[in-house]
file structure_29.cif (mmCIF, C-alpha atoms and all ligand atoms)
data_start
#
loop_
_atom_site.label_atom_id
_atom_site.label_comp_id
_atom_site.auth_asym_id
_atom_site.auth_seq_id
_atom_site.Cartn_x
_atom_site.Cartn_y
_atom_site.Cartn_z
CA MET A 178 115.69 114.35 117.58
CA LYS A 179 113.13 116.86 116.40
CA ARG A 180 115.66 119.60 116.84
CA ILE A 181 118.20 117.75 114.71
CA LEU A 182 115.61 117.30 111.99
CA LEU A 183 114.72 120.96 112.13
CA PHE A 184 118.36 121.98 111.86
CA SER A 185 118.98 119.69 108.94
CA LEU A 186 115.90 121.03 107.19
CA LEU A 187 117.12 124.55 107.79
CA GLY A 188 120.53 123.53 106.44
CA LEU A 189 118.93 122.21 103.28
CA PHE A 190 116.87 125.34 102.88
CA SER A 191 119.78 127.72 103.32
CA PHE A 192 121.82 125.68 100.84
CA GLN A 193 119.15 126.02 98.22
CA SER A 194 118.89 129.74 98.50
CA ASP A 195 122.64 130.53 98.91
CA GLU A 196 124.55 128.02 96.92
CA ALA A 197 122.26 127.57 93.96
CA SER A 198 123.30 130.92 92.59
CA ALA A 199 126.82 131.11 94.06
CA PRO A 200 129.61 130.40 91.56
CA LEU A 201 132.16 127.68 92.18
CA ALA A 202 134.78 128.97 94.66
CA LEU A 203 138.00 128.69 92.66
CA PRO A 204 141.18 128.86 94.79
CA GLU A 205 143.25 131.96 94.05
CA HIS A 206 146.54 130.10 93.92
CA PHE A 207 145.24 127.62 91.30
CA PRO A 208 145.52 128.26 87.53
CA GLU A 209 142.47 128.77 85.29
CA PRO A 210 140.31 125.62 85.13
CA THR A 211 140.36 123.56 81.93
CA TYR A 212 136.64 122.79 82.20
CA ASP A 213 134.73 125.35 80.15
CA LEU A 214 132.79 127.09 82.92
CA GLN A 215 131.69 129.82 80.49
CA ALA A 216 129.90 127.41 78.20
CA MET A 217 128.71 125.16 81.03
CA PRO A 218 128.54 127.24 84.20
CA TRP A 219 128.43 125.48 87.54
CA ASP A 220 124.98 125.44 89.11
CA GLY A 221 124.43 124.48 92.76
CA ARG A 222 120.98 122.97 92.10
CA ILE A 223 122.28 120.68 89.36
CA SER A 224 125.30 119.78 91.49
CA GLU A 225 122.98 118.86 94.38
CA LEU A 226 121.06 116.51 92.08
CA GLY A 227 124.43 115.08 90.99
CA ARG A 228 125.38 114.47 94.62
CA LYS A 229 122.18 112.48 95.13
CA LEU A 230 122.84 110.43 91.98
CA PHE A 231 126.50 109.84 92.89
CA TYR A 232 125.48 108.06 96.11
CA ASP A 233 122.50 106.19 94.66
CA PRO A 234 122.85 102.45 93.90
CA LEU A 235 119.65 102.80 91.84
CA LEU A 236 121.97 103.62 88.94
CA SER A 237 123.38 100.06 88.86
CA ARG A 238 121.76 96.98 87.33
CA ASP A 239 121.33 95.15 90.65
CA GLY A 240 120.67 98.26 92.78
CA ARG A 241 123.74 97.59 94.92
CA ILE A 242 126.60 99.65 93.47
CA SER A 243 126.80 103.42 93.48
CA CYS A 244 129.62 105.66 92.24
CA ALA A 245 130.55 106.05 95.92
CA SER A 246 131.02 102.27 96.29
CA CYS A 247 134.35 102.77 94.52
CA HIS A 248 134.86 106.49 95.18
CA SER A 249 134.41 107.01 98.93
CA PRO A 250 134.41 110.56 100.33
CA PHE A 251 136.51 109.46 103.33
CA ASN A 252 139.27 108.40 100.93
CA ALA A 253 139.18 111.62 98.93
CA PHE A 254 136.82 109.68 96.61
CA ALA A 255 139.28 106.85 95.96
CA HIS A 256 139.01 103.32 97.26
CA THR A 257 141.32 101.69 99.76
CA ASP A 258 140.03 98.15 100.35
CA HIS A 259 141.62 96.57 97.31
CA ALA A 260 144.11 97.31 94.58
CA LEU A 261 141.74 96.70 91.65
CA SER A 262 138.18 98.02 91.72
CA HIS A 263 135.29 95.72 92.65
CA GLY A 264 131.94 96.23 90.94
CA ILE A 265 128.68 94.47 90.20
CA ASP A 266 128.31 90.69 90.85
CA ASP A 267 131.65 90.76 92.74
CA SER A 268 133.48 91.34 89.47
CA VAL A 269 137.04 92.62 89.68
CA GLY A 270 138.11 95.41 87.33
CA GLN A 271 141.47 96.01 85.69
CA ARG A 272 142.52 99.15 87.52
CA ASN A 273 142.69 101.01 90.83
CA ALA A 274 139.84 103.50 91.37
CA PRO A 275 141.46 106.97 91.30
CA ALA A 276 140.70 109.76 93.78
CA LEU A 277 138.29 112.43 92.55
CA PHE A 278 139.06 116.09 93.28
CA ASN A 279 140.12 119.21 91.38
CA LEU A 280 138.68 117.62 88.23
CA ALA A 281 137.89 121.02 86.71
CA TRP A 282 141.65 121.35 86.06
CA LYS A 283 142.05 118.08 84.15
CA SER A 284 142.01 117.74 80.37
CA HIS A 285 141.66 113.96 80.30
CA PHE A 286 140.31 111.27 82.56
CA MET A 287 141.00 107.59 83.30
CA TRP A 288 144.50 106.19 83.82
CA ASP A 289 145.07 106.12 80.05
CA GLY A 290 143.33 109.47 79.40
CA ALA A 291 140.61 107.73 77.35
CA ILE A 292 138.02 110.45 78.10
CA SER A 293 138.50 114.15 77.56
CA LEU A 294 135.18 115.54 78.79
CA LEU A 295 134.02 115.11 82.36
CA ASP A 296 130.44 115.28 81.08
CA GLN A 297 130.99 112.03 79.17
CA GLN A 298 132.97 110.10 81.75
CA ALA A 299 130.07 108.56 83.68
CA LEU A 300 128.89 106.65 80.60
CA ILE A 301 131.74 104.22 81.21
CA PRO A 302 131.12 103.16 84.83
CA LEU A 303 127.33 103.11 84.32
CA THR A 304 127.57 100.59 81.49
CA HIS A 305 130.84 98.80 82.26
CA PRO A 306 130.22 95.09 82.87
CA SER A 307 132.51 95.05 85.91
CA GLU A 308 131.37 98.37 87.36
CA MET A 309 127.62 99.18 87.39
CA GLY A 310 126.72 96.91 84.47
CA ASP A 311 123.51 98.47 83.13
CA THR A 312 122.20 100.10 79.94
CA LEU A 313 121.14 103.74 79.61
CA PRO A 314 117.51 102.99 78.64
CA HIS A 315 117.15 100.90 81.81
CA ILE A 316 118.74 103.54 84.03
CA LEU A 317 116.66 106.37 82.53
CA GLY A 318 113.52 104.21 82.89
CA ARG A 319 114.14 103.75 86.61
CA LEU A 320 114.77 107.48 87.13
CA ARG A 321 111.65 108.46 85.16
CA ARG A 322 109.48 106.09 87.20
CA ASN A 323 110.81 107.55 90.44
CA GLU A 324 108.72 110.48 91.66
CA ASN A 325 111.51 111.83 93.83
CA TYR A 326 113.85 112.04 90.85
CA ARG A 327 111.16 113.54 88.61
CA ASN A 328 110.90 116.35 91.17
CA ARG A 329 114.65 116.70 91.60
CA PHE A 330 115.39 116.85 87.87
CA SER A 331 112.65 119.38 87.35
CA LYS A 332 113.94 121.53 90.26
CA ALA A 333 117.48 121.37 88.89
CA PHE A 334 116.81 121.88 85.18
CA GLY A 335 113.45 123.64 85.16
CA ASP A 336 111.66 120.97 83.10
CA THR A 337 110.53 117.40 83.58
CA VAL A 338 112.53 115.66 80.84
CA ILE A 339 115.04 113.14 82.22
CA SER A 340 117.70 112.51 79.57
CA THR A 341 121.14 110.89 79.36
CA GLN A 342 122.70 114.29 78.85
CA LYS A 343 121.13 115.69 82.03
CA LEU A 344 122.10 112.63 84.05
CA LEU A 345 125.73 112.92 82.93
CA HIS A 346 125.77 116.69 83.36
CA ALA A 347 124.44 116.45 86.94
CA LEU A 348 127.11 113.89 87.88
CA ALA A 349 129.79 116.11 86.31
CA GLN A 350 128.53 119.21 88.15
CA PHE A 351 128.77 117.48 91.52
CA GLN A 352 132.26 116.25 90.72
CA LEU A 353 133.34 119.76 89.66
CA SER A 354 132.41 120.95 93.14
CA LEU A 355 134.94 118.53 94.69
CA ILE A 356 137.72 121.05 95.19
CA SER A 357 140.51 120.17 97.60
CA ASP A 358 142.44 123.31 98.57
CA LYS A 359 142.67 123.32 102.36
CA ALA A 360 145.82 121.31 103.02
CA LYS A 361 148.67 122.76 105.09
CA TYR A 362 150.48 123.42 101.77
CA ASP A 363 147.60 125.69 100.68
CA GLU A 364 147.67 127.54 104.00
CA VAL A 365 151.40 128.11 103.53
CA LYS A 366 150.74 129.46 100.01
CA ARG A 367 148.08 131.77 101.44
CA GLY A 368 150.61 133.03 103.99
CA ASN A 369 148.65 131.71 107.00
CA ARG A 370 151.04 128.95 108.09
CA GLN A 371 154.69 127.95 107.68
CA PHE A 372 156.45 124.71 106.84
CA ASN A 373 158.68 123.33 109.57
CA GLU A 374 162.32 122.67 108.74
CA GLN A 375 161.79 119.07 107.65
CA GLU A 376 158.84 119.97 105.41
CA GLN A 377 160.79 122.85 103.91
CA ASN A 378 163.70 120.55 103.07
CA GLY A 379 161.22 118.02 101.64
CA TYR A 380 159.67 120.77 99.52
CA ALA A 381 163.08 121.61 98.03
CA LEU A 382 163.66 117.92 97.19
CA PHE A 383 160.18 117.72 95.72
CA LEU A 384 160.80 120.72 93.45
CA GLN A 385 164.05 119.15 92.31
CA HIS A 386 162.87 115.60 91.61
CA CYS A 387 159.09 115.43 91.32
CA ASN A 388 157.58 118.79 90.39
CA SER A 389 158.16 118.53 86.63
CA CYS A 390 155.49 115.80 86.51
CA HIS A 391 153.55 116.29 89.76
CA THR A 392 153.44 120.06 89.22
CA GLU A 393 152.21 122.29 92.07
CA PRO A 394 149.65 123.54 93.02
CA LEU A 395 147.56 120.69 91.54
CA PHE A 396 150.45 118.22 91.88
CA THR A 397 149.96 116.90 88.37
CA SER A 398 151.05 118.40 85.07
CA ASP A 399 148.08 116.64 83.46
CA ARG A 400 150.39 114.67 81.12
CA ILE A 401 150.49 110.95 80.27
CA VAL A 402 153.96 109.47 80.78
CA SER A 403 155.81 106.43 82.10
CA ASN A 404 157.39 106.54 85.54
CA GLY A 405 159.28 103.28 85.01
CA LEU A 406 156.92 100.95 86.85
CA PRO A 407 157.69 97.36 85.83
CA PRO A 408 154.63 96.15 83.88
CA ASP A 409 152.54 93.49 85.66
CA PRO A 410 152.37 90.51 83.26
CA ARG A 411 149.09 89.30 84.80
CA LEU A 412 147.21 92.47 83.88
CA GLN A 413 148.78 93.16 80.47
CA ASP A 414 147.78 96.80 80.84
CA LEU A 415 149.46 98.75 78.05
CA GLY A 416 148.18 102.10 79.33
CA ARG A 417 147.89 104.88 76.75
CA PHE A 418 148.73 102.45 73.92
CA ARG A 419 145.19 101.06 74.30
CA ILE A 420 143.86 104.44 73.11
CA SER A 421 146.46 105.64 70.62
CA GLN A 422 147.81 102.29 69.29
CA ASN A 423 151.16 104.08 69.15
CA PRO A 424 153.94 101.85 70.53
CA LYS A 425 155.59 104.92 72.06
CA ASP A 426 152.60 105.16 74.37
CA SER A 427 153.03 101.68 75.86
CA PHE A 428 152.89 101.69 79.68
CA ARG A 429 152.21 105.41 79.77
CA PHE A 430 149.68 106.49 82.37
CA GLN A 431 148.12 109.68 83.62
CA ILE A 432 150.16 111.51 86.25
CA PRO A 433 148.02 111.37 89.41
CA SER A 434 147.83 114.29 91.84
CA LEU A 435 149.80 113.83 95.05
CA ARG A 436 147.24 115.59 97.19
CA ASN A 437 145.54 113.51 99.91
CA LEU A 438 147.93 110.54 99.66
CA SER A 439 147.23 109.54 103.28
CA TYR A 440 143.64 108.78 102.26
CA THR A 441 143.99 107.43 98.71
CA TYR A 442 146.24 104.36 99.04
CA PRO A 443 146.89 101.92 97.43
CA TYR A 444 148.91 103.75 94.79
CA MET A 445 149.52 103.53 91.02
CA HIS A 446 147.13 102.46 88.23
CA ASP A 447 147.04 98.90 89.56
CA GLY A 448 147.20 99.74 93.26
CA ARG A 449 150.44 97.78 93.66
CA PHE A 450 151.85 99.86 96.54
CA ASP A 451 150.11 100.26 99.89
CA ARG A 452 152.61 102.60 101.46
CA LEU A 453 154.53 105.72 100.52
CA LYS A 454 157.73 103.99 101.59
CA GLU A 455 157.27 101.56 98.71
CA VAL A 456 156.79 104.51 96.34
CA MET A 457 160.10 105.94 97.58
CA GLU A 458 161.77 102.58 96.97
CA HIS A 459 160.35 102.56 93.47
CA TYR A 460 161.73 105.97 92.52
CA THR A 461 165.12 105.46 94.19
CA ARG A 462 165.86 101.79 93.50
CA GLU A 463 163.33 99.89 91.43
CA MET A 464 162.51 101.96 88.38
CA VAL A 465 162.79 100.04 85.12
CA MET A 466 164.35 102.04 82.30
CA LEU A 467 161.56 101.35 79.81
CA PRO A 468 162.36 102.82 76.37
CA ASN A 469 159.79 105.59 76.85
CA ILE A 470 160.31 106.40 80.53
CA GLY A 471 159.84 110.12 81.33
CA GLU A 472 163.13 111.82 80.51
CA GLU A 473 163.31 113.41 83.96
CA LEU A 474 163.75 109.92 85.35
CA THR A 475 166.33 108.44 82.99
CA ALA A 476 169.24 109.40 85.26
CA GLY A 477 167.54 107.80 88.27
CA ILE A 478 166.82 109.55 91.57
CA THR A 479 169.16 109.43 94.54
CA LEU A 480 167.65 110.15 97.95
CA SER A 481 169.18 109.23 101.32
CA PHE A 482 166.86 107.82 104.00
CA ALA A 483 166.82 111.23 105.68
CA ASP A 484 165.88 112.86 102.36
CA GLN A 485 163.09 110.33 101.84
CA LYS A 486 161.70 111.11 105.30
CA ASP A 487 161.78 114.83 104.58
CA LEU A 488 160.13 114.35 101.20
CA MET A 489 157.36 112.30 102.82
CA ALA A 490 156.93 114.99 105.50
CA PHE A 491 156.33 117.47 102.67
CA LEU A 492 153.89 115.10 100.94
CA PHE A 493 151.88 114.89 104.18
CA THR A 494 151.34 118.67 104.01
CA LEU A 495 149.20 117.93 100.92
CA ASN A 496 146.61 116.06 103.02
CA ASP A 497 143.33 117.92 103.23
CA SER A 498 141.25 116.20 105.92
CA SER A 499 138.55 118.87 105.78
CA PHE A 500 137.94 117.82 102.17
CA CYS A 501 137.31 114.18 103.14
CA PHE A 502 134.91 115.15 105.91
CA ASP A 503 133.22 118.09 104.18
CA PRO A 504 129.47 117.62 104.75
CA ARG A 505 128.74 119.36 101.42
CA PHE A 506 130.24 116.39 99.61
CA GLY A 507 128.89 113.63 101.83
CA PHE A 508 126.08 111.12 101.43
CA SER A 509 123.68 113.10 103.60
CA ARG A 510 124.23 116.79 104.03
C1 LIG B 601 133.40 99.35 90.36
C2 LIG B 601 134.11 100.52 90.78
C3 LIG B 601 133.71 101.86 90.19
C4 LIG B 601 132.46 102.42 90.14
C5 LIG B 601 131.14 101.84 90.60
C6 LIG B 601 132.65 103.75 89.57
N1 LIG B 601 133.97 103.97 89.29
FE1 LIG B 601 134.79 105.69 88.62
N2 LIG B 601 136.53 104.73 88.33
C7 LIG B 601 136.82 103.42 88.69
C8 LIG B 601 138.08 103.02 88.10
C9 LIG B 601 138.74 101.65 88.26
C10 LIG B 601 138.56 104.12 87.36
C11 LIG B 601 139.81 104.16 86.49
C12 LIG B 601 139.40 103.54 85.17
C13 LIG B 601 140.46 103.50 84.10
O1 LIG B 601 141.49 104.14 84.24
O2 LIG B 601 140.25 102.80 83.09
C14 LIG B 601 137.56 105.19 87.55
C15 LIG B 601 137.70 106.48 87.02
C16 LIG B 601 136.81 107.51 87.24
C17 LIG B 601 137.01 108.89 86.85
C18 LIG B 601 138.26 109.46 86.18
C19 LIG B 601 139.09 110.21 87.19
C20 LIG B 601 140.41 110.70 86.67
O3 LIG B 601 141.00 111.56 87.32
O4 LIG B 601 140.88 110.22 85.63
C21 LIG B 601 135.87 109.58 87.20
C22 LIG B 601 135.59 111.06 86.99
C23 LIG B 601 134.95 108.61 87.79
N3 LIG B 601 135.56 107.37 87.82
C24 LIG B 601 133.66 108.90 88.21
C25 LIG B 601 132.72 107.90 88.48
C26 LIG B 601 131.28 108.14 88.54
C27 LIG B 601 130.58 109.47 88.32
C28 LIG B 601 130.70 106.93 88.84
C29 LIG B 601 129.23 106.60 88.96
C30 LIG B 601 128.40 106.88 87.79
C31 LIG B 601 131.79 105.96 88.98
N4 LIG B 601 132.98 106.59 88.74
C32 LIG B 601 131.61 104.64 89.34
C33 LIG B 601 136.01 102.62 89.47
C34 LIG B 601 134.65 102.84 89.64
C1 LIG B 602 158.35 111.51 84.60
C2 LIG B 602 157.24 111.97 85.41
C3 LIG B 602 157.24 111.65 86.89
C4 LIG B 602 158.15 112.04 87.85
C5 LIG B 602 159.42 112.85 87.67
C6 LIG B 602 157.63 111.56 89.11
N1 LIG B 602 156.44 110.90 88.93
FE1 LIG B 602 155.30 110.09 90.36
N2 LIG B 602 154.02 109.33 88.93
C7 LIG B 602 154.16 109.52 87.57
C8 LIG B 602 153.19 108.69 86.89
C9 LIG B 602 152.98 108.60 85.38
C10 LIG B 602 152.47 108.00 87.88
C11 LIG B 602 151.37 106.95 87.65
C12 LIG B 602 152.04 105.66 87.21
C13 LIG B 602 151.13 104.46 87.11
O1 LIG B 602 150.15 104.35 87.85
O2 LIG B 602 151.45 103.58 86.31
C14 LIG B 602 153.02 108.43 89.16
C15 LIG B 602 152.55 108.00 90.39
C16 LIG B 602 153.02 108.46 91.60
C17 LIG B 602 152.41 108.17 92.88
C18 LIG B 602 151.13 107.35 93.09
C19 LIG B 602 149.95 108.27 93.32
C20 LIG B 602 148.62 107.58 93.29
O3 LIG B 602 147.62 108.22 93.69
O4 LIG B 602 148.50 106.44 92.83
C21 LIG B 602 153.16 108.78 93.85
C22 LIG B 602 152.90 108.76 95.34
C23 LIG B 602 154.24 109.46 93.16
N3 LIG B 602 154.12 109.25 91.81
C24 LIG B 602 155.21 110.21 93.80
C25 LIG B 602 156.28 110.78 93.13
C26 LIG B 602 157.40 111.40 93.82
C27 LIG B 602 157.51 111.54 95.32
C28 LIG B 602 158.27 111.83 92.85
C29 LIG B 602 159.63 112.45 93.04
C30 LIG B 602 160.55 111.66 93.80
C31 LIG B 602 157.68 111.47 91.57
N4 LIG B 602 156.49 110.84 91.78
C32 LIG B 602 158.25 111.76 90.33
C33 LIG B 602 155.08 110.34 86.95
C34 LIG B 602 156.18 110.92 87.58
#

call {"tool": "encode", "arguments": {"input": "structure_29.cif", "output": "structure tokens", "more": "lines below"}}
Ligand code: HEC
Ligand code: HEC
result
Amino acid sequence: MKRILLFSLLGLFSFQSDEASAPLALPEHFPEPTYDLQAMPWDGRISELGRKLFYDPLLSRDGRISCASCHSPFNAFAHTDHALSHGIDDSVGQRNAPALFNLAWKSHFMWDGAISLLDQQALIPLTHPSEMGDTLPHILGRLRRNENYRNRFSKAFGDTVISTQKLLHALAQFQLSLISDKAKYDEVKRGNRQFNEQEQNGYALFLQHCNSCHTEPLFTSDRIVSNGLPPDPRLQDLGRFRISQNPKDSFRFQIPSLRNLSYTYPYMHDGRFDRLKEVMEHYTREMVMLPNIGEELTAGITLSFADQKDLMAFLFTLNDSSFCFDPRFGFSR
């Protein structure tokens, strides 16, 4: 027991000396990040504070909900128990909690792209009545009264002021560190592994039918489009229209990454599909030709059962289990 404690203390110590000054390790086969790392460089000490905050239910009004309640590391920071997110006082939200990784490459956040800066995003869950349900003065008050946080903020930022901006920045810094780049696909790109025949065939089908929207290597082109999902009349979720009020944007949603699909189910903005097989059925048989459906899809997609199996075999090469179990991103490191 003592030995374990000693090792974990050593681990903490070595982290603080090594990683605090190390830059974010950006994968070579990824494009340039969209997040402005020049203006707001990544800092391991601030990220470590952000990790602590991300897992702390102290940020919610009743002290029971943390960011991780809906974004679990073992699900690539998505949520698998239910289709729509569950927050404070057992309230049910309107949408499926998305996975969180490779956020430095995104130019907008939320299913409808409502937020364009990661440093502002956390304002929404912290104050949303069906997420964490609190007000910023209350949250800041609790952090300022907490000696542990006074020390942590001062270690991270070099002064004792605890402000909204620092809280949001710390959460953003931790989330920037969530880089998923160790799937079999990445190893193939690095020349260390090879696809088998089925995966290779699936890759070709993927490039033909899916890549224009779910563009490699991030597996999203970062656009907001419609993929012909029939709208759910119970939710009345108009997607991007809610932000732009432009009828052309009705039922348009952010294109999610296809990395880590084995961990991030259920799928789509409302979590309507539990299995990839249902997604295949959607794209091959059930798409609705909404007036603004992505033009790549207007002709429909034909895939035999064998093709669908191959395509799924390729999608499984995008699973990065080491990301989900990476102790650097966990609750206790
Ligand atoms: C009650 C569940 C819940 C909690 C708690 C929660 N989230 Fe979320 N999160 C969601 C849902 C649902 C969405 C999608 C919202 C939408 O599209 O309108 C989301 C979206 C996001 C996104 C956008 C991701 C993307 O790719 O578009 C980020 C980043 C995020 N949450 C971070 C956080 C942080 C940080 C916290 C804690 C301060 C937090 N979340 C707390 C459910 C939750
Ligand atoms: C026209 C652009 C477009 C094309 C082409 C496209 N998709 Fe999508 N895809 C989307 C959008 C947009 C969503 C989110 C829709 C929503 O939630 O309402 C999505 C969602 C998904 C999801 C759910 C992911 C999650 O985390 O919820 C999967 C899986 C998926 N697509 C697989 C595919 C596959 C496989 C192909 C090729 C056969 C494909 N897509 C082609 C735009 C596209």

call {"tool": "atom_distance", "arguments": {"input": "structure_29.cif", "atom1": "CA of Arg327 in chain A", "atom2": "CA of Ser224 in chain A"}}
result
15.7 Å

call {"tool": "closest_residue", "arguments": {"input": "structure_29.cif", "among": "A:Met287, A:Leu488, A:Ala333, A:Ala199", "to": "ligand LIG 602 (chain B)", "atoms": "all atoms listed in the file"}}
result
A:Leu488

call {"tool": "closest_residue", "arguments": {"input": "structure_29.cif", "among": "A:His386, A:Lys343, A:Lys332, A:His459", "to": "ligand LIG 602 (chain B)", "atoms": "all atoms listed in the file"}}
result
A:His386

call {"tool": "atom_distance", "arguments": {"input": "structure_29.cif", "atom1": "CA of Glu225 in chain A", "atom2": "CA of Phe254 in chain A"}}
result
16.8 Å

call {"tool": "residues_around", "arguments": {"input": "structure_29.cif", "residues": "range 261-265 of chain A", "least_positions_apart": "6", "cutoff": "12 Å", "atoms": "all atoms listed in the file", "output": "NGL selection string"}}
result
:A and (234 or 236-248 or 255 or 271-275 or 302-311 or 412 or 442-450)

call {"tool": "write_last_selection", "arguments": {"input": "structure_29.cif", "atoms": "C-alpha atoms", "output": "PDB file, in the coordinates of the input"}}
result
ATOM      1  CA  PRO A 234     122.850 102.450  93.900  1.00  0.00           C
ATOM      2  CA  LEU A 236     121.970 103.620  88.940  1.00  0.00           C
ATOM      3  CA  SER A 237     123.380 100.060  88.860  1.00  0.00           C
ATOM      4  CA  ARG A 238     121.760  96.980  87.330  1.00  0.00           C
ATOM      5  CA  ASP A 239     121.330  95.150  90.650  1.00  0.00           C
ATOM      6  CA  GLY A 240     120.670  98.260  92.780  1.00  0.00           C
ATOM      7  CA  ARG A 241     123.740  97.590  94.920  1.00  0.00           C
ATOM      8  CA  ILE A 242     126.600  99.650  93.470  1.00  0.00           C
ATOM      9  CA  SER A 243     126.800 103.420  93.480  1.00  0.00           C
ATOM     10  CA  CYS A 244     129.620 105.660  92.240  1.00  0.00           C
ATOM     11  CA  ALA A 245     130.550 106.050  95.920  1.00  0.00           C
ATOM     12  CA  SER A 246     131.020 102.270  96.290  1.00  0.00           C
ATOM     13  CA  CYS A 247     134.350 102.770  94.520  1.00  0.00           C
ATOM     14  CA  HIS A 248     134.860 106.490  95.180  1.00  0.00           C
ATOM     15  CA  ALA A 255     139.280 106.850  95.960  1.00  0.00           C
ATOM     16  CA  GLN A 271     141.470  96.010  85.690  1.00  0.00           C
ATOM     17  CA  ARG A 272     142.520  99.150  87.520  1.00  0.00           C
ATOM     18  CA  ASN A 273     142.690 101.010  90.830  1.00  0.00           C
ATOM     19  CA  ALA A 274     139.840 103.500  91.370  1.00  0.00           C
ATOM     20  CA  PRO A 275     141.460 106.970  91.300  1.00  0.00           C
ATOM     21  CA  PRO A 302     131.120 103.160  84.830  1.00  0.00           C
ATOM     22  CA  LEU A 303     127.330 103.110  84.320  1.00  0.00           C
ATOM     23  CA  THR A 304     127.570 100.590  81.490  1.00  0.00           C
ATOM     24  CA  HIS A 305     130.840  98.800  82.260  1.00  0.00           C
ATOM     25  CA  PRO A 306     130.220  95.090  82.870  1.00  0.00           C
ATOM     26  CA  SER A 307     132.510  95.050  85.910  1.00  0.00           C
ATOM     27  CA  GLU A 308     131.370  98.370  87.360  1.00  0.00           C
ATOM     28  CA  MET A 309     127.620  99.180  87.390  1.00  0.00           C
ATOM     29  CA  GLY A 310     126.720  96.910  84.470  1.00  0.00           C
ATOM     30  CA  ASP A 311     123.510  98.470  83.130  1.00  0.00           C
ATOM     31  CA  LEU A 412     147.210  92.470  83.880  1.00  0.00           C
ATOM     32  CA  TYR A 442     146.240 104.360  99.040  1.00  0.00           C
ATOM     33  CA  PRO A 443     146.890 101.920  97.430  1.00  0.00           C
ATOM     34  CA  TYR A 444     148.910 103.750  94.790  1.00  0.00           C
ATOM     35  CA  MET A 445     149.520 103.530  91.020  1.00  0.00           C
ATOM     36  CA  HIS A 446     147.130 102.460  88.230  1.00  0.00           C
ATOM     37  CA  ASP A 447     147.040  98.900  89.560  1.00  0.00           C
ATOM     38  CA  GLY A 448     147.200  99.740  93.260  1.00  0.00           C
ATOM     39  CA  ARG A 449     150.440  97.780  93.660  1.00  0.00           C
ATOM     40  CA  PHE A 450     151.850  99.860  96.540  1.00  0.00           C
TER      41      PHE A 450
END

call {"tool": "residues_near_ligand", "arguments": {"input": "structure_29.cif", "ligand": "ligand LIG 602 (chain B)", "cutoff": "6 Å", "atoms": "only C-alpha atoms and all ligand atoms", "output": "number ranges by chain"}}
result
A: 383, 386-387, 389-390, 402-404, 430-433, 435, 444-446, 456, 460, 471, 473-474

call {"tool": "atom_distance", "arguments": {"input": "structure_29.cif", "atom1": "CA of Ser509 in chain A", "atom2": "CA of Leu214 in chain A"}}
result
26.6 Å

call {"tool": "residues_around", "arguments": {"input": "structure_29.cif", "residues": "range 355-361 of chain A", "least_positions_apart": "6", "cutoff": "7 Å", "atoms": "only C-alpha atoms", "output": "PyMOL selection string"}}
result
chain A and resi 204+278-279+494-497+499-500

call {"tool": "residues_near_point", "arguments": {"input": "structure_29.cif", "point": "(147.0, 106.6, 100.7)", "cutoff": "8 Å", "atoms": "all atoms listed in the file", "output": "JSON, numbers by chain"}}
result
{"A": [252, 257, 437, 438, 439, 440, 441, 442, 443, 444, 451, 452, 453]}

call {"tool": "residues_around", "arguments": {"input": "structure_29.cif", "residues": "Arg419 in chain A", "least_positions_apart": "6", "cutoff": "9 Å", "atoms": "only C-alpha atoms", "output": "PyMOL selection string"}}
result
chain A and resi 289+291+426-427
